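*Asks:* Input: one structure, supplied below.
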Amino acid sequence: MNDIVWQKTGVGMQEPSHEFTAIAPNGIDIGRIYRIEGGPFNGRWRWIFLLGHSQFRQGIMSGHQASKQRAKERVQKTYQLYLETPGSDGGGQSRIPLKKPSDQAQAI
């Protein structure tokens with residue numbers, strides 16, 4: 001899962017941001033992590049996975065971790081599971097093959 005890019009969010013804030021968005025190689029946002037400030041989970045990291053539907057989303061799609069690295073790993077592991085899950089079960093493995101571009105020039 002080294003293809004995932006983590007981008008800092010919270011642009012324009014006065015204080016340093018402790019929020020990051022996970023972006024897949026195709027440019028789609030797949031998850032988010034941020035440090036919790038205050039309350040019983042103060043200092044822990046919240047992770048949220050953004051993709052999937054129906055049966056796939058009945059699993060664990062978010063949670064708390066003690067460190068930023070562990071929160072990132074949870075998003076990455078959930079993304080890998082999403083890619084391995086058939087589309088009919090709410091995952092990212094499409095049942096319809098991608099259309100390959102034609103080598104022929106299109107008439108305009």
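Letters A, B, ... mark the chains of the structure tokens in the order given; residue numbers begin at 1 per chain; ligand numbers begin at 1, in order shown.
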Would you pick out the contacts of range 23-39 of chain A at 6 Å or less, using only C-alpha atoms, so that residues sharing its chain but fewer than 6 positions from it are not included, and give the list as a list of chain:residue names?

*Replies:* A:Asp3, A:Ile4, A:Val5, A:Trp45, A:Arg46, A:Trp47, A:Ile48, A:Phe49, A:Leu50, A:Leu51

*Asks:* Output N, CA and C atoms for every residue in that selection, as a PDB file, in the first residue's frame.

*Replies:*
ATOM      1  N   ASP A   3       1.357   3.010  -2.453  1.00  0.00           N
ATOM      2  CA  ASP A   3       0.827   3.918  -3.470  1.00  0.00           C
ATOM      3  C   ASP A   3      -0.090   4.981  -2.878  1.00  0.00           C
ATOM      4  N   ILE A   4      -0.512   4.819  -1.652  1.00  0.00           N
ATOM      5  CA  ILE A   4      -1.393   5.799  -1.018  1.00  0.00           C
ATOM      6  C   ILE A   4      -0.579   7.036  -0.656  1.00  0.00           C
ATOM      7  N   VAL A   5      -1.134   8.198  -0.977  1.00  0.00           N
ATOM      8  CA  VAL A   5      -0.495   9.473  -0.648  1.00  0.00           C
ATOM      9  C   VAL A   5      -1.273  10.078   0.510  1.00  0.00           C
ATOM     10  N   TRP A  45      -5.636   8.894  17.934  1.00  0.00           N
ATOM     11  CA  TRP A  45      -5.871   9.196  16.526  1.00  0.00           C
ATOM     12  C   TRP A  45      -7.123   8.487  16.033  1.00  0.00           C
ATOM     13  N   ARG A  46      -8.014   9.239  15.431  1.00  0.00           N
ATOM     14  CA  ARG A  46      -9.252   8.721  14.849  1.00  0.00           C
ATOM     15  C   ARG A  46      -8.975   8.399  13.384  1.00  0.00           C
ATOM     16  N   TRP A  47      -9.421   7.243  12.918  1.00  0.00           N
ATOM     17  CA  TRP A  47      -9.300   6.891  11.511  1.00  0.00           C
ATOM     18  C   TRP A  47     -10.686   6.607  10.953  1.00  0.00           C
ATOM     19  N   ILE A  48     -10.894   6.986   9.691  1.00  0.00           N
ATOM     20  CA  ILE A  48     -12.184   6.808   9.030  1.00  0.00           C
ATOM     21  C   ILE A  48     -11.920   6.357   7.596  1.00  0.00           C
ATOM     22  N   PHE A  49     -12.570   5.261   7.175  1.00  0.00           N
ATOM     23  CA  PHE A  49     -12.487   4.799   5.797  1.00  0.00           C
ATOM     24  C   PHE A  49     -13.720   5.296   5.057  1.00  0.00           C
ATOM     25  N   LEU A  50     -13.555   5.825   3.850  1.00  0.00           N
ATOM     26  CA  LEU A  50     -14.630   6.530   3.166  1.00  0.00           C
ATOM     27  C   LEU A  50     -15.350   5.748   2.068  1.00  0.00           C
ATOM     28  N   LEU A  51     -14.784   4.664   1.569  1.00  0.00           N
ATOM     29  CA  LEU A  51     -15.360   3.976   0.412  1.00  0.00           C
ATOM     30  C   LEU A  51     -16.199   2.766   0.806  1.00  0.00           C
TER      31      LEU A  51
END

*Asks:* Excluding range 52-57 of chain A and its own-chain neighbours fewer than 2 positions away, which residues fall within 10 Å of it when counting only C-alpha atoms? Please give them as a PDB file with C-alpha atoms, in the first residue's frame.

*Replies:*
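This is the output file around.pdb:
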ATOM      1  CA  ILE A  30     -10.162   6.887   0.614  1.00  0.00           C
ATOM      2  CA  PHE A  49     -12.487   4.799   5.797  1.00  0.00           C
ATOM      3  CA  LEU A  50     -14.630   6.530   3.166  1.00  0.00           C
ATOM      4  CA  GLY A  59     -17.580  -4.039   8.900  1.00  0.00           C
ATOM      5  CA  ILE A  60     -15.345  -1.741  10.927  1.00  0.00           C
ATOM      6  CA  MET A  61     -14.974   1.504   8.973  1.00  0.00           C
ATOM      7  CA  TYR A  79      -8.427  -0.132   1.607  1.00  0.00           C
ATOM      8  CA  LEU A  81      -9.717  -5.357   1.921  1.00  0.00           C
ATOM      9  CA  TYR A  82     -11.952  -3.032  -0.120  1.00  0.00           C
ATOM     10  CA  LEU A  83      -9.913  -3.732  -3.266  1.00  0.00           C
ATOM     11  CA  THR A  85     -13.945  -7.431  -2.101  1.00  0.00           C
ATOM     12  CA  PRO A  86     -16.274  -7.988  -5.086  1.00  0.00           C
ATOM     13  CA  GLY A  87     -18.374  -5.033  -6.168  1.00  0.00           C
ATOM     14  CA  SER A  88     -21.499  -7.098  -5.550  1.00  0.00           C
ATOM     15  CA  ASP A  89     -20.520  -7.172  -1.855  1.00  0.00           C
ATOM     16  CA  GLY A  90     -19.889  -3.435  -1.695  1.00  0.00           C
ATOM     17  CA  GLY A  91     -16.184  -3.547  -2.439  1.00  0.00           C
ATOM     18  CA  GLY A  92     -14.013  -2.113  -5.146  1.00  0.00           C
TER      19      GLY A  92
END

*Asks:* From a DSSP pass on the backbone, collect the residues of range 17-80 of chain A flagged as alpha helix (DSSP H) and hand them back as a list in words.

*Replies:* Lys68, Gln69, Arg70, Ala71, Lys72, Glu73, Arg74, Val75, Gln76, Lys77, Thr78, Tyr79 and Gln80 of chain A

*Asks:* What gap, in Å, lies between CA of His18 in chain A and CA of Glu73 in chain A?

*Replies:*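 These atoms are spaced 16.3 Å apart.
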
*Asks:* For the strand (DSSP E) assignment from backbone DSSP, which residues of range 22-77 of chain A qualify? Please present them as a ChimeraX atom specification.

*Replies:* /A:22-23,29-35,45-49,62-65

*Asks:* One decimal, Å: what's the distance from CA of Trp6 in chain A over to CA of Gly43 in chain A, could you say?

*Replies:*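 Between CA of Trp6 in chain A and CA of Gly43 in chain A the gap works out to 19.7 Å.
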